[in-house]
file input.pdb (PDB, C-alpha atoms)
ATOM      1  CA  MET O1377      17.658 -13.893  -1.495  1.00  0.00           C
ATOM      2  CA  LEU O1378      19.497 -10.701  -0.563  1.00  0.00           C
ATOM      3  CA  THR O1379      17.058  -9.848   2.226  1.00  0.00           C
ATOM      4  CA  ALA O1380      16.876 -13.372   3.676  1.00  0.00           C
ATOM      5  CA  PRO O1381      19.677 -12.904   6.274  1.00  0.00           C
ATOM      6  CA  LEU O1382      18.145  -9.649   7.536  1.00  0.00           C
ATOM      7  CA  LEU O1383      14.633 -11.160   7.670  1.00  0.00           C
ATOM      8  CA  ALA O1384      15.932 -14.267   9.477  1.00  0.00           C
ATOM      9  CA  ALA O1385      17.678 -12.115  12.086  1.00  0.00           C
ATOM     10  CA  VAL O1386      14.562  -9.991  12.635  1.00  0.00           C
ATOM     11  CA  ALA O1387      12.331 -13.088  12.839  1.00  0.00           C
ATOM     12  CA  ALA O1388      14.665 -14.697  15.405  1.00  0.00           C
ATOM     13  CA  THR O1389      14.711 -11.509  17.469  1.00  0.00           C
ATOM     14  CA  LEU O1390      10.915 -11.249  17.398  1.00  0.00           C
ATOM     15  CA  THR O1391      10.500 -14.918  18.304  1.00  0.00           C
ATOM     16  CA  LEU O1392      12.746 -14.530  21.357  1.00  0.00           C
ATOM     17  CA  SER O1393      11.222 -11.200  22.380  1.00  0.00           C
ATOM     18  CA  ALA O1394       8.761 -11.098  25.262  1.00  0.00           C
ATOM     19  CA  ARG O1395       6.828  -8.360  23.412  1.00  0.00           C
ATOM     20  CA  HIS O1396       5.777 -10.780  20.674  1.00  0.00           C
ATOM     21  CA  PRO O1397       4.376 -13.864  22.399  1.00  0.00           C
ATOM     22  CA  GLY O1398       2.394 -14.790  19.276  1.00  0.00           C
ATOM     23  CA  GLY O1399       5.490 -15.354  17.160  1.00  0.00           C
ATOM     24  CA  ALA O1400       7.441 -13.464  14.570  1.00  0.00           C
ATOM     25  CA  PHE O1401       4.801 -13.482  11.836  1.00  0.00           C
ATOM     26  CA  THR O1402       1.285 -12.165  11.429  1.00  0.00           C
ATOM     27  CA  HIS O1403      -1.222 -13.853   9.153  1.00  0.00           C
ATOM     28  CA  GLU O1404      -3.914 -11.675   7.605  1.00  0.00           C
ATOM     29  CA  ARG O1405      -6.470 -12.463   4.909  1.00  0.00           C
ATOM     30  CA  ARG O1406      -6.521  -9.976   2.029  1.00  0.00           C
ATOM     31  CA  VAL O1407      -8.378  -9.571  -1.257  1.00  0.00           C
ATOM     32  CA  GLY O1408      -6.317  -9.748  -4.434  1.00  0.00           C
ATOM     33  CA  LEU O1409      -6.762  -9.835  -8.191  1.00  0.00           C
ATOM     34  CA  ASP O1410     -10.291 -10.765  -9.338  1.00  0.00           C
ATOM     35  CA  GLY O1411     -11.503 -10.681  -5.718  1.00  0.00           C
ATOM     36  CA  ARG O1412      -9.520 -13.791  -4.704  1.00  0.00           C
ATOM     37  CA  VAL O1413      -8.753 -14.013  -1.003  1.00  0.00           C
ATOM     38  CA  PHE O1414      -5.232 -14.972   0.094  1.00  0.00           C
ATOM     39  CA  THR O1415      -3.301 -14.942   3.359  1.00  0.00           C
ATOM     40  CA  VAL O1416      -0.508 -12.403   3.765  1.00  0.00           C
ATOM     41  CA  HIS O1417       2.328 -13.521   6.016  1.00  0.00           C
ATOM     42  CA  SER O1418       4.330 -10.578   7.395  1.00  0.00           C
ATOM     43  CA  LEU O1419       6.919  -9.967  10.053  1.00  0.00           C
ATOM     44  CA  ALA O1420       5.250  -8.572  13.158  1.00  0.00           C
ATOM     45  CA  THR O1421       7.317  -5.366  13.077  1.00  0.00           C
ATOM     46  CA  ARG O1422       5.734  -1.980  13.679  1.00  0.00           C
ATOM     47  CA  ARG O1423       8.618   0.374  14.385  1.00  0.00           C
ATOM     48  CA  HIS O1424      10.022   0.224  10.861  1.00  0.00           C
ATOM     49  CA  ARG O1425       8.441  -1.178   7.722  1.00  0.00           C
ATOM     50  CA  LEU O1426      10.531  -4.367   7.538  1.00  0.00           C
ATOM     51  CA  ASP O1427       7.261  -6.192   6.996  1.00  0.00           C
ATOM     52  CA  LEU O1428       7.393  -4.976   3.382  1.00  0.00           C
ATOM     53  CA  LEU O1429      10.465  -7.120   2.742  1.00  0.00           C
ATOM     54  CA  SER O1430       8.802 -10.140   4.332  1.00  0.00           C
ATOM     55  CA  ARG O1431       5.948  -9.836   1.806  1.00  0.00           C
ATOM     56  CA  LEU O1432       8.229 -10.273  -1.222  1.00  0.00           C
ATOM     57  CA  PRO O1433       7.344 -14.001  -1.563  1.00  0.00           C
ATOM     58  CA  HIS O1434       3.756 -12.902  -2.305  1.00  0.00           C
ATOM     59  CA  VAL O1435       5.095 -10.914  -5.270  1.00  0.00           C
ATOM     60  CA  VAL O1436       7.022 -13.949  -6.530  1.00  0.00           C
ATOM     61  CA  ARG O1437       3.874 -16.117  -6.232  1.00  0.00           C
ATOM     62  CA  GLY O1438       1.834 -13.522  -8.163  1.00  0.00           C
ATOM     63  CA  GLU O1439      -0.554 -12.685  -5.308  1.00  0.00           C
ATOM     64  CA  MET O1440       0.803  -9.132  -4.997  1.00  0.00           C
ATOM     65  CA  SER O1441       2.807  -6.717  -7.107  1.00  0.00           C
ATOM     66  CA  LEU O1442       5.624  -4.387  -6.088  1.00  0.00           C
ATOM     67  CA  VAL O1443       3.455  -1.306  -6.680  1.00  0.00           C
ATOM     68  CA  GLY O1444      -0.311  -1.170  -6.460  1.00  0.00           C
ATOM     69  CA  PRO O1445      -3.237  -0.274  -4.229  1.00  0.00           C
ATOM     70  CA  ALA O1446      -3.088  -1.318  -0.600  1.00  0.00           C
ATOM     71  CA  PRO O1447      -4.315  -4.860   0.114  1.00  0.00           C
ATOM     72  CA  LEU O1448      -7.655  -4.792   1.913  1.00  0.00           C
ATOM     73  CA  ALA O1449      -9.313  -7.261   4.241  1.00  0.00           C
ATOM     74  CA  PRO O1450     -12.319  -9.275   3.023  1.00  0.00           C
ATOM     75  CA  GLY O1451     -15.500  -7.491   4.019  1.00  0.00           C
ATOM     76  CA  ASP O1452     -13.963  -4.025   3.696  1.00  0.00           C
ATOM     77  CA  PRO O1453     -16.510  -2.019   1.682  1.00  0.00           C
ATOM     78  CA  ARG O1454     -13.712  -0.558  -0.483  1.00  0.00           C
ATOM     79  CA  THR O1455     -13.052  -4.023  -1.991  1.00  0.00           C
ATOM     80  CA  ALA O1456     -16.299  -3.693  -3.975  1.00  0.00           C
ATOM     81  CA  ALA O1457     -14.852  -0.925  -6.163  1.00  0.00           C
ATOM     82  CA  PRO O1458     -14.812  -2.276  -9.736  1.00  0.00           C
ATOM     83  CA  TRP O1459     -11.316  -0.934 -10.468  1.00  0.00           C
ATOM     84  CA  ARG O1460      -9.858  -3.057  -7.631  1.00  0.00           C
ATOM     85  CA  GLN O1461     -10.793  -6.273  -9.448  1.00  0.00           C
ATOM     86  CA  PHE O1462      -8.317  -5.611 -12.265  1.00  0.00           C
ATOM     87  CA  VAL O1463      -5.067  -5.143 -10.313  1.00  0.00           C
ATOM     88  CA  ARG O1464      -2.993  -6.968  -7.760  1.00  0.00           C
ATOM     89  CA  PRO O1465      -2.510  -5.222  -4.433  1.00  0.00           C
ATOM     90  CA  GLY O1466       0.990  -3.842  -3.976  1.00  0.00           C
ATOM     91  CA  LEU O1467       3.733  -3.860  -1.375  1.00  0.00           C
ATOM     92  CA  THR O1468       3.845  -0.110  -1.784  1.00  0.00           C
ATOM     93  CA  GLY O1469       1.748   2.397  -3.616  1.00  0.00           C
ATOM     94  CA  LEU O1470       0.877   6.000  -4.191  1.00  0.00           C
ATOM     95  CA  ALA O1471      -1.126   6.200  -0.953  1.00  0.00           C
ATOM     96  CA  GLN O1472       1.772   4.798   1.083  1.00  0.00           C
ATOM     97  CA  VAL O1473       4.394   7.216  -0.233  1.00  0.00           C
ATOM     98  CA  ARG O1474       2.070  10.228   0.057  1.00  0.00           C
ATOM     99  CA  ARG O1475       0.873   9.565   3.617  1.00  0.00           C
ATOM    100  CA  ARG O1476       2.528  12.673   5.104  1.00  0.00           C
ATOM    101  CA  SER O1477       1.911  14.909   2.116  1.00  0.00           C
ATOM    102  CA  PRO O1478       0.667  18.483   2.571  1.00  0.00           C
ATOM    103  CA  TRP O1479      -1.574  18.097  -0.490  1.00  0.00           C
ATOM    104  CA  PRO O1480      -5.291  18.266   0.286  1.00  0.00           C
ATOM    105  CA  TRP O1481      -5.992  15.261  -1.932  1.00  0.00           C
ATOM    106  CA  ASP O1482      -4.492  12.597   0.283  1.00  0.00           C
ATOM    107  CA  GLU O1483      -7.266  10.106   0.991  1.00  0.00           C
ATOM    108  CA  PRO O1484      -5.787   6.607   0.485  1.00  0.00           C
ATOM    109  CA  ALA O1485      -8.783   5.244  -1.426  1.00  0.00           C
ATOM    110  CA  LEU O1486      -8.684   8.126  -3.913  1.00  0.00           C
ATOM    111  CA  LEU O1487      -4.925   7.810  -4.351  1.00  0.00           C
ATOM    112  CA  ASP O1488      -5.269   4.058  -4.944  1.00  0.00           C
ATOM    113  CA  GLN O1489      -7.965   4.661  -7.562  1.00  0.00           C
ATOM    114  CA  HIS O1490      -5.910   7.397  -9.207  1.00  0.00           C
ATOM    115  CA  TYR O1491      -2.939   5.018  -9.382  1.00  0.00           C
ATOM    116  CA  VAL O1492      -4.999   2.257 -11.018  1.00  0.00           C
ATOM    117  CA  GLU O1493      -6.518   4.616 -13.572  1.00  0.00           C
ATOM    118  CA  HIS O1494      -3.234   6.357 -14.464  1.00  0.00           C
ATOM    119  CA  HIS O1495      -0.420   3.936 -13.725  1.00  0.00           C
ATOM    120  CA  TRP O1496       2.543   3.563 -16.028  1.00  0.00           C
ATOM    121  CA  ILE O1497       6.140   2.440 -15.600  1.00  0.00           C
ATOM    122  CA  GLY O1498       7.356   5.975 -14.790  1.00  0.00           C
ATOM    123  CA  LEU O1499       4.894   6.298 -11.911  1.00  0.00           C
ATOM    124  CA  ASP O1500       5.857   2.836 -10.632  1.00  0.00           C
ATOM    125  CA  LEU O1501       9.542   3.772 -10.686  1.00  0.00           C
ATOM    126  CA  ALA O1502       8.880   7.075  -8.887  1.00  0.00           C
ATOM    127  CA  ILE O1503       6.925   5.243  -6.162  1.00  0.00           C
ATOM    128  CA  LEU O1504       9.652   2.599  -5.803  1.00  0.00           C
ATOM    129  CA  VAL O1505      12.326   5.316  -5.461  1.00  0.00           C
ATOM    130  CA  ARG O1506      10.361   7.076  -2.687  1.00  0.00           C
ATOM    131  CA  THR O1507       9.425   3.888  -0.801  1.00  0.00           C
ATOM    132  CA  PRO O1508      12.726   3.295   1.089  1.00  0.00           C
ATOM    133  CA  ALA O1509      12.632   6.747   2.694  1.00  0.00           C
ATOM    134  CA  VAL O1510       8.987   6.338   3.699  1.00  0.00           C
ATOM    135  CA  ALA O1511       9.545   2.760   4.877  1.00  0.00           C
ATOM    136  CA  ALA O1512      12.575   3.755   6.982  1.00  0.00           C
ATOM    137  CA  ALA O1513      10.526   6.283   8.932  1.00  0.00           C
ATOM    138  CA  PRO O1514       9.000   4.737  12.066  1.00  0.00           C
ATOM    139  CA  TYR O1515       5.233   4.595  12.351  1.00  0.00           C
ATOM    140  CA  GLY O1516       3.972   7.676  14.073  1.00  0.00           C
ATOM    141  CA  ALA O1517       7.169   9.623  13.364  1.00  0.00           C
ATOM    142  CA  GLY O1518       5.888  13.155  13.235  1.00  0.00           C
ATOM    143  CA  ALA O1519       2.298  14.115  12.833  1.00  0.00           C
ATOM    144  CA  ALA O1520       0.554  14.080   9.524  1.00  0.00           C
ATOM    145  CA  ALA O1521       1.268  17.215   7.558  1.00  0.00           C
ATOM    146  CA  PRO O1522      -1.337  19.906   8.131  1.00  0.00           C
ATOM    147  CA  ARG O1523      -3.678  20.786   5.316  1.00  0.00           C
ATOM    148  CA  ILE O1524      -3.185  24.112   3.621  1.00  0.00           C
ATOM    149  CA  PRO O1525      -6.219  26.122   4.784  1.00  0.00           C
ATOM    150  CA  ALA O1526      -6.734  28.001   1.511  1.00  0.00           C
ATOM    151  CA  GLN O1527      -7.189  24.794  -0.457  1.00  0.00           C
ATOM    152  CA  GLY O1528     -10.450  22.895  -0.616  1.00  0.00           C
ATOM    153  CA  HIS O1529     -10.766  19.150  -0.428  1.00  0.00           C
ATOM    154  CA  LEU O1530     -10.646  17.506  -3.848  1.00  0.00           C
ATOM    155  CA  SER O1531     -13.050  14.725  -4.699  1.00  0.00           C
ATOM    156  CA  ASP O1532     -12.225  11.687  -6.813  1.00  0.00           C
ATOM    157  CA  THR O1533     -13.828  13.391  -9.826  1.00  0.00           C
ATOM    158  CA  ASP O1534     -11.920  16.696  -9.658  1.00  0.00           C
ATOM    159  CA  HIS O1535      -9.028  15.387 -11.741  1.00  0.00           C
ATOM    160  CA  ARG O1536     -11.167  13.803 -14.490  1.00  0.00           C
ATOM    161  CA  PRO O1537     -12.385  15.328 -17.751  1.00  0.00           C
ATOM    162  CA  ARG O1538     -16.076  16.189 -17.947  1.00  0.00           C
ATOM    163  CA  GLY O1539     -18.166  13.110 -18.794  1.00  0.00           C
ATOM    164  CA  TYR O1540     -15.521  10.601 -17.631  1.00  0.00           C
ATOM    165  CA  SER O1541     -16.748   7.495 -15.797  1.00  0.00           C
ATOM    166  CA  ALA O1542     -14.600   4.866 -14.059  1.00  0.00           C
ATOM    167  CA  ALA O1543     -17.391   2.326 -14.508  1.00  0.00           C
ATOM    168  CA  GLY O1544     -17.322   2.420 -18.286  1.00  0.00           C
TER
END
call {"tool": "encode", "arguments": {"input": "input.pdb", "output": "structure tokens"}}
result
Amino acid sequence: MLTAPLLAAVAATLTLSARHPGGAFTHERRVGLDGRVFTVHSLATRRHRLDLLSRLPHVVRGEMSLVGPAPLAPGDPRTAAPWRQFVRPGLTGLAQVRRRSPWPWDEPALLDQHYVEHHWIGLDLAILVRTPAVAAAPYGAGAAAPRIPAQGHLSDTDHRPRGYSAAG
């Protein structure tokens, strides 16, 4: 309710803009909880992440959560990961707030899996606190942070105890 006036103003601006002849909203199919496919309706903004606010109705309907792994398109090979079947995709997530991180372990799929395997309310709150700053930054603002040369690339198993399996 609080964001409705801002979203209405942005939608009206996009509708009247010559840059967006297709309308103010995009419609994309995504895979959600238990592999169910749903359509995400978002504002067609790219400069700032106002599209996150336009996805809030999906949270209210239970198709998405505030924090979770990124929603993927049907047919994306990453949707077959067993851990993705047990969570709703999120408006924001660990991969989104760490996208310009200097840490070597910054692959979105690994961060999404790490979130699912280790999420708790404290992590959700930390991600939600960092999201406004990340969302306010325009796409492409600054290059991705360079990797630290002395550090190797971590795999998805480097943070797990010996003998751990995500499948079991």
call {"tool": "resolve_selection", "arguments": {"input": "input.pdb", "expression": "the PyMOL selection byres ((chain O and resi 1467-1474) around 9)", "output": "ChimeraX atom specification"}}
result
/O:1428-1429,1431-1432,1435,1440-1447,1465-1466,1475-1479,1482-1488,1490-1491,1499-1500,1503-1504,1506-1507,1509-1511
call {"tool": "residues_near_point", "arguments": {"input": "input.pdb", "point": "(-11.0, -10.9, -6.5)", "cutoff": "10 Å", "atoms": "all atoms listed in the file", "output": "number ranges by chain"}}
result
O: 1406-1414, 1450, 1455-1456, 1458, 1460-1464
call {"tool": "atom_distance", "arguments": {"input": "input.pdb", "atom1": "atom CA of Pro1508 of chain O", "atom2": "atom CA of Ala1457 of chain O"}}
result
28.8 Å
call {"tool": "atom_distance", "arguments": {"input": "input.pdb", "atom1": "atom CA of Arg1405 of chain O", "atom2": "atom CA of His1417 of chain O"}}
result
8.9 Å
call {"tool": "closest_residue", "arguments": {"input": "input.pdb", "among": "O:Leu1419, O:Ala1513, O:Arg1454, O:Pro1433", "to": "Gln1489 of chain O", "atoms": "only C-alpha atoms"}}
result
O:Arg1454
call {"tool": "atom_distance", "arguments": {"input": "input.pdb", "atom1": "atom CA of Arg1437 of chain O", "atom2": "atom CA of His1494 of chain O"}}
result
25.0 Å
